[in-house]
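Visitor: File name coords-v8.txt; file contents compact mmCIF, C-alpha atoms and all ligand atoms; full text below.
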# COMPACT_ATOMS: atom_id res chain seq x y z
CA MET A 1162 0.00 0.00 0.00
CA VAL A 1163 1.37 3.38 -0.99
CA MET A 1164 1.76 5.75 1.96
CA LEU A 1165 -0.33 8.74 0.97
CA PHE A 1166 -0.15 10.43 4.32
CA SER A 1167 2.60 10.63 6.84
CA GLY A 1168 3.49 11.92 10.23
CA LEU A 1169 0.60 10.60 12.29
CA ARG A 1170 1.72 9.75 15.79
CA HIS A 1171 0.15 9.79 19.16
CA VAL A 1172 1.40 11.03 22.47
CA SER A 1173 0.56 9.79 25.92
CA ARG A 1174 -2.52 10.78 27.75
CA ALA A 1175 -0.96 12.92 30.46
CA GLY A 1176 -3.44 15.77 30.34
CA LEU A 1177 -6.74 14.00 30.95
CA PRO A 1178 -8.39 12.97 34.19
CA ARG A 1179 -8.04 9.25 34.85
CA CYS A 1180 -11.40 7.63 35.45
CA VAL A 1181 -14.43 7.66 37.64
CA GLY A 1182 -15.25 4.62 39.65
CA GLY A 1183 -11.71 4.41 40.95
CA ARG A 1184 -10.87 0.76 40.34
CA MET A 1185 -7.86 0.41 38.08
CA HIS A 1186 -7.55 -2.85 36.21
CA ARG A 1187 -4.41 -4.87 35.69
CA ASN A 1188 -3.00 -4.62 32.14
CA MET A 1189 -4.26 -1.06 31.95
CA THR A 1190 -2.24 1.17 29.69
CA SER A 1191 -2.94 4.81 29.00
CA LEU A 1192 -4.74 6.12 25.95
CA PRO A 1193 -3.28 8.85 23.75
CA SER A 1194 -4.38 12.32 24.83
CA HIS A 1195 -3.37 13.71 21.41
CA TYR A 1196 -2.44 12.65 17.91
CA THR A 1197 0.22 14.50 15.96
CA LEU A 1198 -0.86 15.64 12.50
CA PRO A 1199 1.50 15.99 9.51
CA SER A 1200 1.81 19.74 10.32
CA GLY A 1201 3.24 18.81 13.72
CA ASP A 1202 0.14 20.14 15.50
CA LYS A 1203 -1.23 17.99 18.29
CA ILE A 1204 -4.98 17.36 18.12
CA PRO A 1205 -6.66 16.29 21.39
CA SER A 1206 -8.17 12.81 21.09
CA VAL A 1207 -11.46 13.68 22.82
CA ALA A 1208 -13.56 16.68 21.76
CA LEU A 1209 -16.90 18.14 22.65
CA GLY A 1210 -19.11 17.74 19.58
CA VAL A 1211 -21.68 20.51 19.17
CA TRP A 1212 -23.77 19.15 16.30
CA GLN A 1213 -27.42 19.24 17.44
CA ALA A 1214 -26.54 21.31 20.51
CA LYS A 1215 -29.37 23.83 20.65
CA PRO A 1216 -29.23 27.59 21.11
CA ASN A 1217 -29.01 28.59 24.78
CA GLU A 1218 -27.58 25.16 25.59
CA VAL A 1219 -24.42 25.00 23.54
CA GLY A 1220 -22.61 27.89 25.23
CA GLN A 1221 -23.04 26.40 28.67
CA ALA A 1222 -21.89 23.00 27.38
CA VAL A 1223 -18.73 24.57 25.95
CA LYS A 1224 -18.03 26.38 29.23
CA THR A 1225 -18.60 23.18 31.24
CA ALA A 1226 -16.33 21.28 28.87
CA LEU A 1227 -13.49 23.78 29.06
CA LYS A 1228 -13.74 23.84 32.85
CA ALA A 1229 -13.65 20.03 32.93
CA GLY A 1230 -10.45 19.99 30.88
CA TYR A 1231 -11.60 19.60 27.26
CA ARG A 1232 -9.34 21.46 24.88
CA HIS A 1233 -11.07 20.54 21.62
CA ILE A 1234 -14.41 21.80 20.31
CA ASP A 1235 -15.73 20.32 17.07
CA GLY A 1236 -18.23 22.54 15.27
CA ALA A 1237 -19.36 23.61 11.82
CA TRP A 1238 -20.86 26.61 10.05
CA ILE A 1239 -24.07 24.70 9.34
CA TYR A 1240 -24.69 23.88 13.01
CA ARG A 1241 -25.72 27.54 13.28
CA ASN A 1242 -24.32 27.87 16.78
CA GLU A 1243 -20.85 29.26 16.12
CA ALA A 1244 -21.59 32.68 17.65
CA GLU A 1245 -22.69 31.11 20.94
CA VAL A 1246 -19.69 28.77 20.90
CA GLY A 1247 -17.42 31.75 20.26
CA LYS A 1248 -18.89 33.73 23.14
CA ALA A 1249 -18.46 30.77 25.49
CA LEU A 1250 -14.84 30.37 24.39
CA LYS A 1251 -14.20 34.03 25.12
CA ASP A 1252 -16.04 34.00 28.45
CA SER A 1253 -14.21 30.87 29.59
CA GLY A 1254 -10.95 32.77 29.87
CA VAL A 1255 -9.04 29.80 28.42
CA PRO A 1256 -6.35 31.21 26.10
CA ARG A 1257 -7.15 30.73 22.42
CA LYS A 1258 -3.87 28.94 21.78
CA ASP A 1259 -4.81 26.24 24.29
CA VAL A 1260 -8.04 25.21 22.55
CA TRP A 1261 -8.35 23.22 19.33
CA ILE A 1262 -11.19 24.60 17.23
CA THR A 1263 -12.56 22.78 14.19
CA SER A 1264 -15.13 24.14 11.75
CA LYS A 1265 -16.43 22.91 8.40
CA LEU A 1266 -17.08 24.35 4.96
CA TRP A 1267 -20.72 23.89 3.99
CA ASN A 1268 -21.80 22.36 0.65
CA THR A 1269 -23.01 25.69 -0.76
CA PHE A 1270 -19.56 27.29 -0.50
CA HIS A 1271 -17.31 24.89 -2.46
CA ALA A 1272 -16.76 27.27 -5.37
CA PRO A 1273 -13.33 28.83 -4.80
CA GLU A 1274 -14.69 32.38 -4.72
CA ASP A 1275 -17.16 31.45 -1.93
CA ILE A 1276 -14.67 29.83 0.42
CA GLU A 1277 -12.89 32.76 2.03
CA PRO A 1278 -16.13 34.66 2.83
CA ALA A 1279 -17.59 31.49 4.38
CA LEU A 1280 -14.45 30.92 6.41
CA ASP A 1281 -14.37 34.58 7.48
CA ASP A 1282 -17.97 34.26 8.68
CA SER A 1283 -17.05 31.25 10.85
CA LEU A 1284 -13.96 33.05 12.17
CA ALA A 1285 -15.97 36.17 13.04
CA LYS A 1286 -18.69 34.18 14.80
CA LEU A 1287 -16.18 32.08 16.70
CA GLY A 1288 -14.22 35.21 17.61
CA THR A 1289 -10.91 33.88 16.41
CA GLU A 1290 -8.35 34.78 13.76
CA TYR A 1291 -7.62 31.17 12.80
CA LEU A 1292 -9.05 27.67 12.97
CA ASP A 1293 -6.96 24.71 14.02
CA LEU A 1294 -8.79 22.54 11.51
CA TYR A 1295 -11.14 23.28 8.62
CA LEU A 1296 -12.91 20.41 6.89
CA ILE A 1297 -14.86 20.02 3.67
CA HIS A 1298 -18.09 19.02 5.41
CA TRP A 1299 -19.46 16.68 2.67
CA PRO A 1300 -18.18 15.51 -0.70
CA LEU A 1301 -20.87 17.57 -2.38
CA ALA A 1302 -20.76 20.96 -4.09
CA LYS A 1303 -24.35 22.18 -4.24
CA LYS A 1304 -25.94 25.60 -3.91
CA ASP A 1305 -29.42 25.79 -2.39
CA GLY A 1306 -32.19 25.17 -4.93
CA LYS A 1307 -29.74 24.28 -7.72
CA PRO A 1308 -28.53 20.97 -9.15
CA TYR A 1309 -25.25 19.84 -7.70
CA ASP A 1310 -22.00 20.83 -9.42
CA LYS A 1311 -20.88 17.54 -10.94
CA ASP A 1312 -17.31 18.54 -11.77
CA LEU A 1313 -16.54 20.07 -8.40
CA THR A 1314 -18.21 17.20 -6.59
CA GLN A 1315 -16.29 14.54 -8.51
CA ASN A 1316 -12.98 16.32 -8.22
CA PRO A 1317 -12.86 18.95 -5.46
CA TYR A 1318 -9.30 20.01 -6.35
CA PRO A 1319 -10.27 23.68 -6.97
CA THR A 1320 -11.94 23.73 -3.54
CA TRP A 1321 -8.89 22.11 -2.00
CA GLN A 1322 -6.49 24.58 -3.64
CA LYS A 1323 -8.40 27.46 -2.08
CA LEU A 1324 -8.25 25.74 1.30
CA GLU A 1325 -4.49 25.37 0.82
CA GLU A 1326 -4.36 29.11 0.15
CA MET A 1327 -6.25 29.72 3.41
CA ALA A 1328 -3.68 27.58 5.21
CA GLU A 1329 -0.84 29.56 3.64
CA LYS A 1330 -2.55 32.79 4.70
CA GLY A 1331 -2.67 31.50 8.28
CA LYS A 1332 -6.46 31.47 8.56
CA VAL A 1333 -6.48 27.71 9.09
CA ARG A 1334 -3.69 25.57 10.50
CA ASN A 1335 -4.82 22.20 9.12
CA ILE A 1336 -7.27 21.15 6.43
CA GLY A 1337 -9.16 17.93 5.95
CA VAL A 1338 -12.36 16.29 4.83
CA SER A 1339 -15.51 14.85 6.35
CA ASN A 1340 -17.94 12.16 5.24
CA TYR A 1341 -15.45 10.79 2.72
CA SER A 1342 -16.56 7.24 3.37
CA SER A 1343 -17.17 4.34 3.23
CA SER A 1344 -14.56 3.39 0.70
CA ALA A 1345 -11.39 5.29 0.04
CA HIS A 1346 -11.92 6.12 -3.62
CA ARG A 1347 -13.31 9.60 -3.00
CA LEU A 1348 -10.22 10.49 -1.06
CA GLU A 1349 -8.06 8.96 -3.73
CA ASN A 1350 -9.79 11.15 -6.35
CA LEU A 1351 -8.68 14.15 -4.34
CA THR A 1352 -5.19 12.96 -3.44
CA ALA A 1353 -4.46 12.01 -7.08
CA ASN A 1354 -4.00 15.77 -7.61
CA PRO A 1355 -0.67 17.48 -6.89
CA LEU A 1356 -1.63 18.63 -3.37
CA LYS A 1357 0.50 21.02 -1.33
CA PHE A 1358 -1.13 19.74 1.87
CA LYS A 1359 -2.72 16.33 2.11
CA PRO A 1360 -5.95 15.95 4.09
CA ALA A 1361 -4.98 15.88 7.77
CA VAL A 1362 -8.13 14.06 8.92
CA ASN A 1363 -11.32 12.48 7.68
CA GLN A 1364 -14.31 12.93 9.99
CA VAL A 1365 -16.96 10.24 9.54
CA GLU A 1366 -19.77 8.54 11.40
CA ILE A 1367 -18.32 5.76 13.55
CA SER A 1368 -20.15 4.04 16.37
CA TYR A 1369 -20.88 0.59 17.74
CA TRP A 1370 -23.55 0.36 15.01
CA VAL A 1371 -21.43 1.80 12.22
CA PRO A 1372 -17.91 0.67 13.16
CA GLN A 1373 -16.32 1.13 9.70
CA PRO A 1374 -13.46 -1.38 10.17
CA GLU A 1375 -12.39 -1.29 6.50
CA LEU A 1376 -12.12 2.50 6.42
CA LEU A 1377 -10.27 2.44 9.73
CA LYS A 1378 -7.80 -0.12 8.42
CA TRP A 1379 -7.28 1.80 5.17
CA SER A 1380 -6.82 5.07 7.05
CA LYS A 1381 -4.24 3.57 9.40
CA GLU A 1382 -2.34 2.03 6.50
CA ASN A 1383 -2.27 5.43 4.84
CA GLY A 1384 -1.43 7.45 7.94
CA LEU A 1385 -4.71 9.39 7.85
CA LEU A 1386 -6.43 10.16 11.14
CA LEU A 1387 -10.14 9.40 11.43
CA GLU A 1388 -12.50 11.40 13.64
CA ALA A 1389 -15.63 9.64 14.91
CA TYR A 1390 -18.85 11.63 14.90
CA SER A 1391 -22.03 10.27 16.52
CA PRO A 1392 -19.71 8.01 18.53
CA LEU A 1393 -22.46 7.04 20.97
CA GLY A 1394 -24.92 6.35 18.16
CA SER A 1395 -26.37 9.87 18.22
CA THR A 1396 -29.62 10.77 19.96
CA GLY A 1397 -31.63 8.03 18.25
CA LYS A 1398 -29.37 5.10 19.23
CA VAL A 1399 -27.51 6.22 22.34
CA GLY A 1400 -29.87 4.27 24.60
CA ASP A 1401 -29.26 1.08 22.59
CA THR A 1402 -25.50 1.66 22.57
CA LEU A 1403 -25.29 2.03 26.32
CA ALA A 1404 -27.39 -1.13 26.79
CA VAL A 1405 -25.24 -3.38 24.58
CA PRO A 1406 -24.53 -6.40 26.85
CA GLU A 1407 -20.77 -6.31 26.18
CA VAL A 1408 -20.64 -2.58 26.96
CA VAL A 1409 -22.60 -3.01 30.19
CA GLN A 1410 -20.51 -5.99 31.29
CA ILE A 1411 -17.19 -4.24 30.59
CA ALA A 1412 -18.42 -1.13 32.40
CA GLN A 1413 -19.31 -3.20 35.47
CA GLU A 1414 -16.02 -5.05 35.42
CA LEU A 1415 -13.94 -1.87 35.16
CA GLY A 1416 -16.03 0.43 37.33
CA MET A 1417 -16.69 2.76 34.42
CA THR A 1418 -19.94 4.02 32.92
CA PRO A 1419 -21.14 2.49 29.62
CA ALA A 1420 -20.50 5.81 27.83
CA GLN A 1421 -16.92 5.88 29.14
CA VAL A 1422 -16.37 2.34 27.86
CA VAL A 1423 -17.58 3.25 24.38
CA ILE A 1424 -15.61 6.52 24.21
CA SER A 1425 -12.49 4.74 25.46
CA TRP A 1426 -12.95 2.05 22.79
CA HIS A 1427 -13.00 4.74 20.10
CA VAL A 1428 -9.72 6.27 21.24
CA GLN A 1429 -8.19 2.82 21.67
CA ARG A 1430 -9.07 2.12 18.02
CA GLY A 1431 -6.94 5.14 17.12
CA THR A 1432 -9.59 7.71 16.26
CA VAL A 1433 -10.43 11.15 17.58
CA VAL A 1434 -13.82 10.92 19.28
CA LEU A 1435 -16.46 13.67 19.29
CA PRO A 1436 -19.20 12.86 21.83
CA LYS A 1437 -21.96 15.47 21.94
CA SER A 1438 -23.64 16.37 25.19
CA VAL A 1439 -25.27 19.46 26.65
CA THR A 1440 -25.78 17.78 30.05
CA PRO A 1441 -23.06 19.01 32.44
CA SER A 1442 -22.57 15.69 34.26
CA ARG A 1443 -22.28 13.81 30.96
CA VAL A 1444 -19.88 16.35 29.50
CA VAL A 1445 -17.60 15.71 32.49
CA GLU A 1446 -18.15 11.94 32.37
CA ASN A 1447 -17.30 11.67 28.68
CA LEU A 1448 -13.78 13.04 29.09
CA GLN A 1449 -12.86 10.43 31.67
CA VAL A 1450 -11.57 7.69 29.44
CA ARG A 1451 -8.90 5.06 29.86
CA ALA A 1452 -7.56 2.05 28.01
CA LEU A 1453 -9.57 -1.14 28.18
CA PRO A 1454 -7.55 -4.29 28.89
CA PRO A 1455 -6.75 -5.95 25.53
CA ALA A 1456 -9.16 -8.88 26.00
CA LEU A 1457 -12.07 -6.56 26.82
CA PHE A 1458 -11.19 -4.21 23.98
CA GLU A 1459 -11.18 -7.17 21.57
CA LYS A 1460 -14.49 -8.39 22.94
CA LEU A 1461 -16.14 -5.05 22.24
CA GLU A 1462 -14.43 -4.72 18.85
CA LYS A 1463 -15.70 -8.16 17.87
CA ALA A 1464 -19.25 -7.39 19.02
CA ALA A 1465 -19.24 -4.08 17.11
CA THR A 1466 -17.92 -5.57 13.89
CA SER A 1467 -19.97 -8.77 13.80
CA HIS A 1468 -23.60 -7.68 14.29
CA LYS A 1469 -25.91 -7.06 11.35
CA PRO A 1470 -25.22 -3.81 9.48
CA TYR A 1471 -27.24 -0.76 10.50
CA PRO A 1472 -28.06 2.16 8.23
CA ARG A 1473 -26.05 5.26 8.87
CA LEU A 1474 -26.83 8.92 8.38
CA ASN A 1475 -27.24 9.35 4.63
CA PRO A 1476 -28.76 12.63 3.40
CA SER A 1477 -28.55 11.73 -0.33
CA LYS A 1478 -32.33 11.44 -0.77
CA SER A 1479 -33.30 14.42 1.36
CA TRP A 1480 -30.84 16.52 -0.65
CA GLY A 1481 -32.49 15.31 -3.88
CA LEU A 1482 -29.31 13.68 -5.24
CA ASP A 1483 -29.50 11.18 -8.06
CA PHE A 1484 -26.54 9.27 -6.59
CA ASP A 1485 -25.53 7.93 -3.19
CA ILE A 1486 -23.14 10.32 -1.53
CA PHE A 1487 -21.22 7.38 -0.09
CA ASP A 1488 -20.81 5.46 -3.39
P1 LIG B 1 -27.46 15.16 25.86
O1 LIG B 1 -26.79 16.08 24.88
O2 LIG B 1 -28.88 15.55 26.13
O3 LIG B 1 -26.66 14.99 27.14
P2 LIG B 1 -23.43 11.25 19.95
O4 LIG B 1 -22.27 11.80 20.69
O5 LIG B 1 -23.24 9.85 19.47
O6 LIG B 1 -23.90 12.16 18.86
O7 LIG B 1 -24.66 11.14 20.98
C1 LIG B 1 -25.27 12.28 21.50
C2 LIG B 1 -26.45 11.84 22.34
O8 LIG B 1 -25.98 11.08 23.46
C3 LIG B 1 -27.19 13.01 22.93
O9 LIG B 1 -28.57 12.64 22.95
C4 LIG B 1 -26.64 13.14 24.33
O10 LIG B 1 -27.59 13.70 25.19
C5 LIG B 1 -26.38 11.70 24.67
N1 LIG B 1 -25.24 11.50 25.60
C6 LIG B 1 -24.02 12.06 25.55
N2 LIG B 1 -23.23 11.62 26.54
C7 LIG B 1 -23.96 10.74 27.26
C8 LIG B 1 -23.70 9.96 28.41
N3 LIG B 1 -22.52 10.01 29.01
N4 LIG B 1 -24.69 9.16 28.88
C9 LIG B 1 -25.90 9.12 28.26
N5 LIG B 1 -26.21 9.84 27.16
C10 LIG B 1 -25.25 10.65 26.65
Would you give me this structure, written as structure tokens?

Guide:
Amino acid sequence: MVMLFSGLRHVSRAGLPRCVGGRMHRNMTSLPSHYTLPSGDKIPSVALGVWQAKPNEVGQAVKTALKAGYRHIDGAWIYRNEAEVGKALKDSGVPRKDVWITSKLWNTFHAPEDIEPALDDSLAKLGTEYLDLYLIHWPLAKKDGKPYDKDLTQNPYPTWQKLEEMAEKGKVRNIGVSNYSSSAHRLENLTANPLKFKPAVNQVEISYWVPQPELLKWSKENGLLLEAYSPLGSTGKVGDTLAVPEVVQIAQELGMTPAQVVISWHVQRGTVVLPKSVTPSRVVENLQVRALPPALFEKLEKAATSHKPYPRLNPSKSWGLDFDIFD
């Protein structure tokens, strides 16, 4: 396998709280607190996700998270909550340089001339002069009410070149993609171009129900970091996730909560994990992760990758596309 990406490493988990429940298990090793991207920047392995965090809730969640020790907030222009997130960041008093902020370029802004204004809008709302990471939110170039732009969708090189320019200008420190799954060919379409900066991450849906082992394997072989959104199964499946017998049993054995087991499993698989919560106690709980003993990790991995497939979030139909965005 050709190494398309390079430089991905992880560092030890010194910065995070250990665990609730107290009992440490034999064979316990620590999880990485950060991964190092090709730029040399260190991205924290656990973030607060703010997708579906409602107005008047998201700011408090961000403040709770920063107080609890989170240093990574994963947002997007389309979540329509960047101004409240930005105010919470400012009010928290945590220095800007200490927080990793991700945002995403929405589908309507893929044309090169639309990118800088869209980015500037996110920067202004977030109250920052730069993003740590800016992602192409979906592999789809489509303005509202218009057919999708076939050329730019099939080969987003012009979009990528503009993002590279934004990186050179210092408005973004790292650039990447999102929803470039389930197979790698979409990424390969992009990386076949003479890129100045390769995608630093790919953010996709990964959960117990949608474990994506092939994409994970491919990404590791190619040195590309995956970020897991909806890691608990999102609002619709979180209850089922936390009731999975293997999850419950591991939680009992280790004195952890089911959510902590699942979030730990994600990091142990080598992904960044983006649990969303606006409930203060859960925000705190979700940061307290630790390595599962190898046998228990394998047990959960096997359970996640051997059940029947579940449908994942796929907006192709609701966006009126005549193709599957994941094909
Ligand atoms: P809430 O935000 O009301 O606390 P995902 O991260 O997979 O998108 O899942 C988000 C859903 O999981 C939200 O409904 C969130 O609820 C819920 N959730 C987040 N953390 C926990 C937790 N530790 N225990 C139970 N539910 C949780």

Visitor: If we count only C-alpha atoms and set the cut-off at 12 Å, which residues sit around Ser1442 in chain A, ignoring sequence neighbours fewer than 4 positions away in its own chain? Please answer as a PyMOL selection string.

Guide: chain A and resi 1181+1222+1225-1226+1229+1420+1438+1446-1449

Visitor: Could you tell me which of A:Gly1306, A:Gly1384, A:Gly1210, A:Pro1355 comes closest to Glu1325 in chain A if we count all atoms listed in the file?

Guide: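 Using all atoms listed in the file, the shortest distance to Glu1325 in chain A belongs to A:Pro1355.
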
Visitor: Residues contacting ligand LIG 1 (chain B) - anything with an atom at most 7 Å away, using all atoms listed in the file - can you give me those as a ChimeraX atom specification?

Guide: /A:1210,1214,1390-1396,1399,1420-1421,1435-1440,1443-1444,1446-1447

Visitor: Counting all atoms listed in the file, which of A:Gly1416, A:Pro1256, A:Gly1400, A:Gly1247 gets nearest to Ser1283 in chain A?

Guide: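 Counting all atoms listed in the file, the residue closest to Ser1283 in chain A is A:Gly1247.
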
Visitor: As an exercise, work out the distance from CA of Val1365 in chain A to CA of Trp1261 in chain A in Å and give it to one decimal place.

Guide: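 Between these atoms lies a distance of 18.4 Å.
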
Visitor: For a quick check of understanding, using all atoms listed in the file, which of A:Ser1368, A:Ser1206, A:Gln1373, A:Ser1425 has the smallest distance to Ile1411 in chain A?

Guide: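 Of all the options, A:Ser1425 lies closest to Ile1411 in chain A.
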
Visitor: So, with only C-alpha atoms as the atoms that count, which of A:Val1260, A:Val1445, A:Leu1287, A:Ala1279 lies closest to Glu1245 in chain A?

Guide: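 The answer is A:Leu1287, which sits nearest to Glu1245 in chain A.
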
Visitor: Using only C-alpha atoms, what table do you get, as CSV, when you list each residue of range 1209-1262 of chain A with an atom no more than 12 Å from range 1200-1204 of chain A, its nearest pair of atoms, and their distance in Å rounded to one decimal, rows by chain then rising number?

Guide:
residue,atom,partner,partner_atom,distance
A:Tyr1231,CA,A:Ile1204,CA,11.5
A:Arg1232,CA,A:Ile1204,CA,9.0
A:His1233,CA,A:Ile1204,CA,7.7
A:Ile1234,CA,A:Ile1204,CA,10.7
A:Asp1235,CA,A:Ile1204,CA,11.2
A:Lys1258,CA,A:Asp1202,CA,11.5
A:Asp1259,CA,A:Lys1203,CA,10.8
A:Val1260,CA,A:Ile1204,CA,9.5
A:Trp1261,CA,A:Ile1204,CA,6.9
A:Ile1262,CA,A:Ile1204,CA,9.6

Visitor: With all atoms listed in the file as the atoms that count, which of A:Asn1350, A:Asn1335, A:Ser1253, A:Ser1264 lies nearest to Pro1199 in chain A?

Guide: A:Asn1335

Visitor: When distances are computed from only C-alpha atoms, which of A:Leu1403, A:Ile1486, A:Leu1387, A:Ala1361 shows the smallest separation from Pro1300 in chain A?

Guide: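 For Pro1300 in chain A, the nearest of the candidates is A:Ile1486.
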
Visitor: Between CA of Ala1464 in chain A and CA of Val1423 in chain A, measure the distance and give it in Å to one decimal.

Guide: 12.0 Å
